[in-house]
Amino acid sequence: MVYIQGGRFIFEPSMPDQFIPYPGYLPTVLQVKSYCIDKYPVTNSDYFRFVKESGYIPSDTTNYLRLWHDGKYLCGTDDLPVVYVSYEDALAYAAWAGKRLPTEQEWQFAAQGTDGRIWPWGNQFRKDLCNDGKKGLMPVKSWPKGCNQSGVCDLTGNVWQMTNDIYTNGSHRFVIIRGGSYFNPTSSEWYIKGGPRQLNQTQMLLMVSPGFDRCSTVGFRCAADIGTNFRK
């Protein structure tokens, strides 16, 4: 994990269309306490260790680890971000690891730091420093020069990353995801836009059921409070 020194930053998420209303975000100056966050998104090998040691089986197994075969990820995919996991699956992994999911504010602060940069490396987009979608899902360590100033890596373009922020607006329930993904659909305005996304862009993932929520473009990374005994 990477230690994130607490500090002040302006939390002002950028939102896509408001077809389904987002939370009432207002520009807010926050004082964030120090914490730790995973250097990389959770990988297949990380998640396999969790399943093997905990014996975890979700109550709804629809689409669970759909890219795996007989309970094991495919050869050569150790360092790919684990996908086809639900919010509930991510919470179970985090609890086993002695961690938790980061809040949306923590994710953004860990990604941007105190200087409000738009991309992990600065304010100009560089397709050579992240997954630009041309090769599909890639190992989390593929862009060592694309890490940010704190050493947090793979923040944009590979997989959307779940946060711990869940909202209900009366008709819809959704979890906030960050970072963009390798897949950027162009056939319909109804799809969540993918590709590398700026660090301040927020995105909702509508939640229907664990089986329906699991997909090929959403993974997660964990956070931990200072003083927590977490698994290495």
# chains A, B, ... in the order shown; residues from 1 in each chain; ligands from 1
>>> residues_around(residues="Gln198 (chain A)", least_positions_apart="3", cutoff="7 Å", atoms="only C-alpha atoms", output="number ranges by chain")
A: 118-119, 179, 201
>>> residues_around(residues="region 81-88 of chain A", least_positions_apart="4", cutoff="9 Å", atoms="only C-alpha atoms", output="MDAnalysis selection string")
chainID A and resid 40:47 58 63:67 77 92:93 137:140 158:159 162:164 175 207 209:220
>>> residues_around(residues="region 4-11 of chain A", least_positions_apart="3", cutoff="8 Å", atoms="only C-alpha atoms", output="PyMOL selection string")
chain A and resi 27-37+105+108-110+113-116+150
>>> residues_around(residues="Gly157 (chain A)", least_positions_apart="5", cutoff="9 Å", atoms="only C-alpha atoms", output="MDAnalysis selection string")
chainID A and resid 130:133 179:183 194:197
>>> write_last_selection(atoms="N, CA and C atoms", output="compact mmCIF listing (two decimals), in the first residue's frame")
# COMPACT_ATOMS: atom_id res chain seq x y z
N CYS A 130 -0.92 5.33 -19.91
CA CYS A 130 -2.11 4.64 -19.38
C CYS A 130 -2.68 3.73 -20.45
N ASN A 131 -3.69 3.00 -20.11
CA ASN A 131 -4.35 2.11 -21.05
C ASN A 131 -5.25 2.94 -21.97
N ASP A 132 -4.88 3.02 -23.24
CA ASP A 132 -5.68 3.80 -24.19
C ASP A 132 -6.73 2.95 -24.90
N GLY A 133 -6.85 1.69 -24.47
CA GLY A 133 -7.90 0.84 -24.99
C GLY A 133 -7.56 0.00 -26.19
N GLY A 179 -12.07 6.53 -12.66
CA GLY A 179 -10.87 6.17 -13.41
C GLY A 179 -11.03 5.79 -14.86
N GLY A 180 -12.22 5.42 -15.30
CA GLY A 180 -12.37 4.99 -16.70
C GLY A 180 -11.94 3.56 -16.90
N SER A 181 -12.10 3.07 -18.13
CA SER A 181 -11.74 1.68 -18.42
C SER A 181 -11.22 1.56 -19.84
N TYR A 182 -10.69 0.37 -20.14
CA TYR A 182 -10.13 0.11 -21.46
C TYR A 182 -11.19 0.15 -22.56
N PHE A 183 -12.45 -0.05 -22.21
CA PHE A 183 -13.51 -0.14 -23.21
C PHE A 183 -14.31 1.15 -23.24
N GLY A 194 -16.20 5.10 -21.52
CA GLY A 194 -14.96 4.54 -20.99
C GLY A 194 -13.76 5.31 -21.46
N GLY A 195 -12.67 4.60 -21.67
CA GLY A 195 -11.42 5.25 -22.01
C GLY A 195 -10.82 5.90 -20.77
N PRO A 196 -9.62 6.43 -20.85
CA PRO A 196 -9.03 7.13 -19.70
C PRO A 196 -9.90 8.31 -19.30
N ARG A 197 -10.15 8.44 -18.02
CA ARG A 197 -10.98 9.53 -17.51
C ARG A 197 -10.19 10.38 -16.54
>>> select_by_dssp(residues="region 68-198 of chain A", states="alpha helix (DSSP H)", output="list in words")
Tyr87, Glu88, Asp89, Ala90, Leu91, Ala92, Tyr93, Ala94, Ala95, Trp96, Ala97, Glu104, Gln105, Glu106, Trp107, Gln108, Phe109, Ala110, Ala111 and Gln112 of chain A
>>> write_last_selection(atoms="C-alpha atoms", output="CSV table (one decimal), in the first residue's frame")
chain,number,residue,atom,x,y,z
A,87,TYR,CA,-19.7,-4.4,-4.7
A,88,GLU,CA,-20.5,-7.1,-2.2
A,89,ASP,CA,-17.6,-9.2,-3.5
A,90,ALA,CA,-15.2,-6.2,-3.1
A,91,LEU,CA,-16.4,-5.6,0.4
A,92,ALA,CA,-15.8,-9.3,1.3
A,93,TYR,CA,-12.2,-9.1,-0.1
A,94,ALA,CA,-11.5,-5.8,1.8
A,95,ALA,CA,-12.8,-7.2,5.1
A,96,TRP,CA,-10.6,-10.3,4.6
A,97,ALA,CA,-7.6,-8.2,3.9
A,104,GLU,CA,-14.8,8.8,-3.5
A,105,GLN,CA,-13.1,11.7,-1.8
A,106,GLU,CA,-10.2,9.5,-0.7
A,107,TRP,CA,-9.8,8.1,-4.1
A,108,GLN,CA,-9.7,11.5,-5.7
A,109,PHE,CA,-7.3,12.9,-3.1
A,110,ALA,CA,-4.9,9.9,-3.4
A,111,ALA,CA,-5.0,10.3,-7.2
A,112,GLN,CA,-4.7,14.1,-7.4
>>> decode(residues="region 119-150 of chain A", atoms="C-alpha atoms", output="mmCIF file, in the first residue's frame")
data_model
loop_
_atom_site.group_PDB
_atom_site.id
_atom_site.type_symbol
_atom_site.label_atom_id
_atom_site.label_comp_id
_atom_site.auth_asym_id
_atom_site.auth_seq_id
_atom_site.Cartn_x
_atom_site.Cartn_y
_atom_site.Cartn_z
ATOM 1 C CA TRP A 119 -4.113 13.268 -14.802
ATOM 2 C CA PRO A 120 -1.831 11.208 -12.532
ATOM 3 C CA TRP A 121 1.290 12.644 -14.206
ATOM 4 C CA GLY A 122 0.120 16.245 -14.679
ATOM 5 C CA ASN A 123 -2.402 18.304 -16.629
ATOM 6 C CA GLN A 124 -1.752 17.110 -20.172
ATOM 7 C CA PHE A 125 -3.102 13.779 -21.381
ATOM 8 C CA ARG A 126 -0.516 11.224 -22.533
ATOM 9 C CA LYS A 127 -1.774 7.997 -24.041
ATOM 10 C CA ASP A 128 1.598 6.304 -23.503
ATOM 11 C CA LEU A 129 1.185 6.521 -19.710
ATOM 12 C CA CYS A 130 -2.105 4.642 -19.376
ATOM 13 C CA ASN A 131 -4.347 2.111 -21.054
ATOM 14 C CA ASP A 132 -5.682 3.804 -24.186
ATOM 15 C CA GLY A 133 -7.903 0.842 -24.988
ATOM 16 C CA LYS A 134 -6.046 -0.549 -27.985
ATOM 17 C CA LYS A 135 -4.917 -3.756 -26.241
ATOM 18 C CA GLY A 136 -7.864 -4.481 -23.960
ATOM 19 C CA LEU A 137 -7.405 -5.205 -20.279
ATOM 20 C CA MET A 138 -3.733 -4.975 -19.308
ATOM 21 C CA PRO A 139 -1.546 -5.924 -16.295
ATOM 22 C CA VAL A 140 -1.613 -3.283 -13.575
ATOM 23 C CA LYS A 141 2.150 -2.752 -13.751
ATOM 24 C CA SER A 142 2.173 -1.897 -17.464
ATOM 25 C CA TRP A 143 2.703 1.872 -16.994
ATOM 26 C CA PRO A 144 5.336 2.496 -14.298
ATOM 27 C CA LYS A 145 5.887 6.041 -15.595
ATOM 28 C CA GLY A 146 2.165 6.737 -15.335
ATOM 29 C CA CYS A 147 2.069 6.565 -11.541
ATOM 30 C CA ASN A 148 1.303 9.779 -9.702
ATOM 31 C CA GLN A 149 3.521 11.779 -7.352
ATOM 32 C CA SER A 150 2.628 9.546 -4.395
#
